[in-house]
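Enquirer: Sharing a structure, written as structure tokens. Questions coming.
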Amino acid sequence: MRFHRFLLLLVLLAASSASGQHTIGLPDILNYTKDGYKAGTQSWDIRQDARGVLYFANNEGLLTFDGHYWKTYPLPNRTIVRSVAIGRDGRIYVGGQDEFGYFAPGPNGALRYHSMKALLPARDRSFADVWDIVFHEKQLFFRTSQRLFQFNGDQVTVTYGADWRYLDTCGGALIAQDNERGLLRFRNGLWEPVVRPGSLPRNFLVTAILPWSRDSMLLTTFRQGSFFLSGDRLLPFETPALREIAGKLIYTATVADPDHFLLATTLDGAYIVDRRGIVTQRFTRSEGLQNNNILSVFFDREKNLWLALDNGIDFVAYDSPVRHIYTSPQNEGSGYTSLLYRDHLYIGTSNGLYTVPLEGGGDLSYRQGTFSPVPGTRGQVWNLSEVNGRLLMGHHEGAFGVEPGGAKPIDNSFGYWAFLPYGNVLPAGLMVTGNYYGVRLFHSSANGIGKEAATAPFESSRFITVDNNDGTIWVAHPYKGIYKVRFDGSLKPSIRRYATGDGLFTINNNYIFKVRNRIVATTEGGIYEYDAPSDRFLPSKYFKGIFDHANIRLMREDSEGNIWFVHDKQVGVIDFSADKPRILYIPELTNKLVNGFEHIYPINPQNILIGAEKGFVHINFEKYKRPGALLQVQIRDVRAIGPSDSLLFGGYTNGATPRAEVANAFNTLHFAFSATAYGLQKNVEYSYYLKGYDKAWSEWSGKVEKEYPYLPAGTYTFQVRARTTLGTASEMSTFTFTVLPPWYRSGWAYAVYAALLVAGGLWLVRWQRRKFARQQQRHEEEQRRLLYLHQLELEKTEKEIMRLNNEKLEAEIEHKNTELASSAMHLVQKGELIGRLREELTRIKKKIDTDVADAEFRKIIRILNEEDKVNEDWDHFAHHFDKVHGNFLTALKKQYPTLTPNELKLSAYLRMNLSSKEVAQLMNISVRGVEISRYRLRKKLQLPTETNLFEFLIAVHPN
């Protein structure tokens with residue numbers, strides 16, 4: 001009864017609340033098309049693993065996404081994957097048509113499919129699509145239309161049904177719907193009925209069962225709407241909004257947060273519904289979805305919403321601190337100005353002024369409401385200001401006061417940029433305005449804006465600020481300089497221009513602001529402050545110590561003392577909440593502002609409004625700074641590039657640090673990495689370091705891949721880490737690999753080298769020995785040659801000596817021959833003389849005929865004829881002749897012993913080549929006698945006729 005009363009109260013509250021309004025803030029929506037993720041158009045189920053990687057059951061297989069990279073893993077039979085679930089063991093279980101099993105990492109970290117179909121009995125191995133995979137009590141259930149497969153870790157049990165239409169867990173219970181048996185609960189190994197078919201509406205099809213309270217559940221159906229299930233009672237949950245949604249065909253549902261549920265339809269997108277049944281937010285094509293047919297929904301661990309569509313996948317940054325505010329469903333109009341005034345948010349755009357009532361505090365982007373245009377404000381709205389409690393609007397067509405009935409003109413002669421109170425006392429009696437042609441003062445009071453009080457015409461005064469301490473009005477012209485305007489007691493203006501000669505480095509891009517009670521000018525040359533004693537602008541020492549950025553286009557101080565700024569199309573903030581100031585950038589806003597018309601409106605830390613090219617961006621800065629989920633960075637892919645690419649690591653591990661060996665021909669490595677911070681991708685930066693190669697960590701950047709070309713052989717460890725722009729850093733992810741040396745530096749190559757070295761050493765020893773032997777042989781030959789040469793030299797010397805001796809001997813012989821010849825001639829002459837003496841004595845004897853004289857003559861003749869003396873001369877001659885002629889006579893006598901002394905004498909005389917006449921005189925015979933003696937000598941010597949006797953005698957030598 002209490003449940004019925006509670007339900008009745010809920011329905012009454014819902015009925016009194018109408019259909020509700022949407023939140024004014026809309027989260028970022030990203031569209032992923034099939035051309036982007038390279039898979040099928042439809043995805044049927046979504047899950048996320050412990051590392052943050054998302055898995056989609058897609059028409060073309062298992063589709064994965066890590067924030068940067070999409071990968072598809074088809075089933076062996078190439079069928080549609082209808083369901084996916086992540087096991088506690090890290091396995092990714094999938095169900096398709098006529099196939100179910102799981103993906104797990106292989107040795108190289110790439111996912112490999114393992115079919116479980118073989119665990120089924122043979123008769124059950126042909127089945128239709130596996131639509132659901134559910135874990136319950138350490139068991140795994142796979143749902144097809146006619147069968148449930150129950151896997152306990154070892155075997156599969158099959159449960160048959162008429163038409164299994166739904167299967168899921170809720171509140172620890174496993175709930176199923178069978179067309180014949182109704183709603184069932186699995187308990188103690190059996191399926192027990194909860195609500196029988198007869199108690200269910202016709203064509204009842206459960207699409208989701210969600211926890212509602214401790215003892216009840218919320219059921220959504222495809223056509224019949226929503227119901228409460230408490231015990232075995234099923235009661236409808238109806239509100240005007242839910243009835244309308246029921247007609248859109250609820251395909252699935254999930255819990256958005258403890259107070260909200262998401263209902264996804266096939267006809268009209270997704271709805272966020274609170275516990276009263278009121279729609280607080282919707283996501284359709286009007287809000288940015290690709291289409292309105294939603295097949296599956298999933299909130300990731302960062303509370304981002306993923307929508308699997310009939311064609312494509314959409315991402316909704318559901319819990320993001322950055323949301324968009326649009327004045328119309330068409331998202332038209334650039335955001336120029338905004339102001340929160342009397343519980344209404346006013347937004348000035350390029351189309352006009354819009355307002356929405358907002359009550360309460362907190363994050364205004366979650367307040368429900370609808371913007372409505374303010375009458376009389378169509379056109380460019382440049383400024384909204386509150387002066388003396390009144391809302392003023394600077395418009396292209398003039399100055400207006402905004403009242404409940406619409407805008408009322410103050411001055412519509414030309415456009416107005418800004419309104420500021422003039423004076424230290426509030427309400428201020430004068431109001432400063434900047435318009436298209438200069439500065440104007442208006443009388444002002446709590447009752448309204450009066451007439452014009454004074455004017456200072458000179459330049460368009462869009463960038464204007466007032467120093468109420470001394471009544472100075474500062475105006476900056478982007479390209480002409482900075483102007484100081486003062487009004488004296490009679491409101492007569494004086495204008496002073498400051499340019500490069502007044503301390504400013506340049507007059508380009510000039511802006512003027514009052515920040516921290518300082519008059520600050522920003523230019524292309526930096527940030528300057530006005531120095532009153534010198535009446536000059538000097539470089540700001542205060543801001544130089546914080547940042548050195550030039551060309552700051554906007555500075556705005558919030559209630560916490562933080563300074564918001566725009567620099568180079570980026571929005572940043574100097575955050576003073578920590579011990580020392582730090583600069584934070586908001587990457588979500590980069591390149592989204594209206595260039596030249598930047599607007600930042602810090603209401604409080606939960607509400608910062610920033611004008612954008614389309615509408616406004618709302619930032620909950622308090623939430624933005626809050627640490628989110630632990631940032632995880634993963635190495636998703638490692639490839640070795642060579643003659644062909646080779647996958648070294650596919651992004652999955654079994655717990656151990658991945659390692660690999662790379663052939664030297666594949667020594668160019670490509671690394672892909674990512675952090676699964678889906679809602680913070682624009683905020684994530686990466687730094688990497690290759691240990692063993694890099695000298696230091698890389699600079700932080702948004703790069704999600706790195707390639708190292710032509711690494712030398714060695715062992716390396718690639719390390720990568722990630723951080724957000726808020727400074728939250730992740731732990732390192734590492735991959736160790738070894739680039740093997742080239743084949744000529746491998747182990748077997750070194751073994752071959754060693755063998756070749758030993759063989760070479762042995763050959764070298766043998767060669768050295770041979771070389772030494774050859775050298776020894778050459779040395780010996782050289783020695784022999786030298787010895788030979790020495791011998792030749794000696795012989796030459798000896799020959800030279802012999803020649804000299806021979807020459808000496810020849811000379812001596814010649815001398816002896818000369819002497820012998822002389823002796824022979826002497827003998828010849830002596831013989832001739834004796835012969836003449838004898839003849840003369842004989843003749844004289846014949847004339848003197850006395851005995852005494854005859855006796856004396858005969859005595860003298862006898863003396864002349866004595867042979868002893870002759871023989872003595874001959875012996876003396878022979879002795880000398882043998883010395884000169886090498887013992888010729890001795891040798892001849894030895895060879896021819898029969899020769900007589902006279903024949904020996906004849907031989908000696910012939911050897912001396914004496915003529916026959918000379919021989920005849922020496923031998924004291926006639927010339928005829930010499931010839932006869934020669935003849936006889938030839939016969940004894942047995943010489944043939946043709947032999948020359950002289951040559952024969954010359955050739956005689958001693959043996």
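The chains in the structure tokens are called A, B, ... from first to last as shown; in each chain the residues are counted from 1, and the ligands are counted from 1 in the order shown.
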May I have all residues of region 366-554 of chain A that DSSP, computed from the backbone, assigns to helix (DSSP H, G or I), given as a PyMOL selection string?
Expert: chain A and resi 366+500-502+541-544
Enquirer: Write out as number ranges by chain which residues come within 9 Å of region 211-224 of chain A when counting only C-alpha atoms, dropping same-chain ones fewer than 6 positions away.
Expert: A: 170-171, 201-205, 230-231, 234, 236-237, 243, 246-253, 255, 258, 263, 265, 275
Enquirer: Give me, as a Markdown table, the closest atom pair and its distance (Å, one decimal) for every residue of region 596-616 of chain A within a cut-off of 10 Å of region 562-576 of chain A, counting only C-alpha atoms, rows sorted by chain and rising number.
Expert:
| residue | atom | partner | partner_atom | distance |
| --- | --- | --- | --- | --- |
| A:Gly596 | CA | A:Lys569 | CA | 9.7 |
| A:Glu598 | CA | A:Val566 | CA | 7.6 |
| A:His599 | CA | A:Val566 | CA | 9.0 |
| A:Ile600 | CA | A:Trp564 | CA | 7.5 |
| A:Tyr601 | CA | A:Trp564 | CA | 9.2 |
| A:Pro602 | CA | A:Trp564 | CA | 8.4 |
| A:Pro605 | CA | A:Asn562 | CA | 9.6 |
| A:Ile608 | CA | A:Trp564 | CA | 9.8 |
| A:Ile610 | CA | A:Val571 | CA | 9.1 |
Enquirer: Excluding Val739 (chain A) and any residue of its chain fewer than 5 positions from it, enumerate the residues within 9 Å of it, using only C-alpha atoms, and give them as an mmCIF file with N, CA and C atoms, in the first residue's frame.
Expert:
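Saved result, result32.cif, follows:
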data_model
loop_
_atom_site.group_PDB
_atom_site.id
_atom_site.type_symbol
_atom_site.label_atom_id
_atom_site.label_comp_id
_atom_site.auth_asym_id
_atom_site.auth_seq_id
_atom_site.Cartn_x
_atom_site.Cartn_y
_atom_site.Cartn_z
ATOM 1 N N ALA A 660 59.768 -6.915 -27.201
ATOM 2 C CA ALA A 660 59.833 -7.439 -28.564
ATOM 3 C C ALA A 660 61.267 -7.347 -29.064
ATOM 4 N N GLU A 661 61.551 -8.204 -30.032
ATOM 5 C CA GLU A 661 62.818 -8.155 -30.735
ATOM 6 C C GLU A 661 62.549 -7.787 -32.187
ATOM 7 N N VAL A 662 63.396 -6.942 -32.724
ATOM 8 C CA VAL A 662 63.185 -6.407 -34.066
ATOM 9 C C VAL A 662 64.409 -6.719 -34.916
ATOM 10 N N ALA A 663 64.153 -7.293 -36.077
ATOM 11 C CA ALA A 663 65.247 -7.522 -37.013
ATOM 12 C C ALA A 663 65.819 -6.183 -37.461
ATOM 13 N N ASN A 664 67.102 -6.178 -37.746
ATOM 14 C CA ASN A 664 67.766 -4.914 -38.082
ATOM 15 C C ASN A 664 67.196 -4.281 -39.337
ATOM 16 N N PHE A 666 64.210 -3.895 -39.934
ATOM 17 C CA PHE A 666 62.981 -3.205 -39.531
ATOM 18 C C PHE A 666 63.289 -2.243 -38.385
ATOM 19 N N ASN A 667 64.379 -1.511 -38.490
ATOM 20 C CA ASN A 667 64.838 -0.692 -37.375
ATOM 21 C C ASN A 667 64.248 0.705 -37.342
ATOM 22 N N LEU A 711 67.047 3.061 -36.116
ATOM 23 C CA LEU A 711 67.683 2.917 -34.804
ATOM 24 C C LEU A 711 68.863 1.956 -34.896
ATOM 25 N N PRO A 712 69.972 2.290 -34.269
ATOM 26 C CA PRO A 712 71.083 1.329 -34.250
ATOM 27 C C PRO A 712 70.752 0.148 -33.349
ATOM 28 N N ALA A 713 71.499 -0.924 -33.513
ATOM 29 C CA ALA A 713 71.259 -2.123 -32.711
ATOM 30 C C ALA A 713 71.426 -1.799 -31.232
ATOM 31 N N GLY A 714 70.543 -2.385 -30.416
ATOM 32 C CA GLY A 714 70.590 -2.155 -28.977
ATOM 33 C C GLY A 714 69.230 -2.380 -28.351
ATOM 34 N N THR A 715 69.150 -2.228 -27.036
ATOM 35 C CA THR A 715 67.906 -2.392 -26.286
ATOM 36 C C THR A 715 67.400 -1.021 -25.862
ATOM 37 N N TYR A 716 66.118 -0.770 -26.110
ATOM 38 C CA TYR A 716 65.507 0.523 -25.832
ATOM 39 C C TYR A 716 64.214 0.313 -25.040
#
Enquirer: List every residue of region 236-419 of chain A that DSSP, applied to the backbone of this structure, places in strand (DSSP E or B), and write the result as number ranges by chain.
Expert: A: 236-237, 250-257, 260-265, 270-274, 279-283, 294-299, 305-309, 312-316, 322-325, 334-341, 344-349, 353-357, 368, 372-373, 381-387, 390-395, 398-403, 406-411, 416-419
Enquirer: Give me the residues within 8 Å of Gly312 (chain A) as a PyMOL selection string, counting only C-alpha atoms and dropping any in the same chain fewer than 5 places off.
Expert: chain A and resi 31-34+41-43+290
Enquirer: Generate the output file for the selected residues, C-alpha atoms, as an mmCIF file, in the first residue's frame.
Expert:
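Wrote again_3.cif, looks like this:
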data_model
loop_
_atom_site.group_PDB
_atom_site.id
_atom_site.type_symbol
_atom_site.label_atom_id
_atom_site.label_comp_id
_atom_site.auth_asym_id
_atom_site.auth_seq_id
_atom_site.Cartn_x
_atom_site.Cartn_y
_atom_site.Cartn_z
ATOM 1 C CA ASN A 31 29.742 12.958 -34.378
ATOM 2 C CA TYR A 32 31.699 9.905 -35.527
ATOM 3 C CA THR A 33 30.682 8.666 -38.947
ATOM 4 C CA LYS A 34 31.403 5.294 -40.472
ATOM 5 C CA THR A 41 26.873 1.915 -39.992
ATOM 6 C CA GLN A 42 25.139 0.311 -37.003
ATOM 7 C CA SER A 43 26.472 -0.438 -33.528
ATOM 8 C CA GLN A 290 23.521 12.522 -36.623
#
Enquirer: Counting only C-alpha atoms, which of A:Ser350, A:Ser413, A:Ser674, A:Ser286 gets nearest to Gly67 (chain A)?
Expert: A:Ser674
Enquirer: List the neighbours of region 484-488 of chain A out to 9 Å using only C-alpha atoms; skip same-chain residues closer than 2 positions along the sequence, and give me the result as a ChimeraX atom specification.
Expert: /A:439,454,456,471-476,482,490-498
Enquirer: With only C-alpha atoms as the counted atoms, please give the residues lying no more than 12 Å from Leu26 (chain A), apart from itself and same-chain residues fewer than 6 positions off, as number ranges by chain.
Expert: A: 280-284, 286-288, 316-329, 331, 364-368, 615-619
Enquirer: Using only C-alpha atoms, which residues of region 719-789 of chain A come within 12 Å of region 694-702 of chain A, and what is the closest atom pair for each, with the distance in Å to one decimal? Give it as a tab-separated table, sorted by chain and residue number.
Expert:
residue	atom	partner	partner_atom	distance
A:Gln719	CA	A:Trp697	CA	9.0
A:Val720	CA	A:Trp697	CA	9.0
A:Arg721	CA	A:Trp700	CA	9.4
A:Ala722	CA	A:Trp700	CA	8.4
A:Arg723	CA	A:Trp700	CA	8.5
A:Thr724	CA	A:Trp700	CA	10.1
A:Thr725	CA	A:Trp700	CA	10.0
A:Gly727	CA	A:Trp700	CA	11.0
A:Ala729	CA	A:Trp700	CA	11.1
A:Met732	CA	A:Trp697	CA	12.0
Enquirer: Suppose we keep C-alpha atoms; can you now write the selection as a PDB file, in the first residue's frame?
Expert:
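Below is the file selection03.pdb, written as the result:
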ATOM      1  CA  GLN A 719      58.156   5.666 -22.261  1.00  0.00           C
ATOM      2  CA  VAL A 720      55.167   7.959 -22.609  1.00  0.00           C
ATOM      3  CA  ARG A 721      53.146   9.949 -20.123  1.00  0.00           C
ATOM      4  CA  ALA A 722      50.139  12.251 -20.383  1.00  0.00           C
ATOM      5  CA  ARG A 723      48.804  15.230 -18.522  1.00  0.00           C
ATOM      6  CA  THR A 724      45.915  17.630 -18.757  1.00  0.00           C
ATOM      7  CA  THR A 725      46.285  21.374 -19.065  1.00  0.00           C
ATOM      8  CA  GLY A 727      48.670  19.613 -14.681  1.00  0.00           C
ATOM      9  CA  ALA A 729      49.872  13.744 -14.985  1.00  0.00           C
ATOM     10  CA  MET A 732      54.197   6.113 -17.565  1.00  0.00           C
TER      11      MET A 732
END
Enquirer: Quick one: of A:Asn469, A:Val158, A:Thr842, A:His957, who's nearest to Thr890 (chain A), counting only C-alpha atoms?
Expert: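 So, comparing all the options, the nearest one is A:His957.
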Enquirer: Which residue is closest to Gly333 (chain A)? Choose from A:Glu192, A:Glu613, A:Glu452, A:Glu397 and count only C-alpha atoms.
Expert: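 Under the stated criterion, the closest residue is A:Glu613.
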Enquirer: If I take CA of His477 (chain A) and CA of Glu529 (chain A), how far is one from the other in Å, to one decimal?
Expert: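 Separation of CA of His477 (chain A) and CA of Glu529 (chain A): 16.4 Å.
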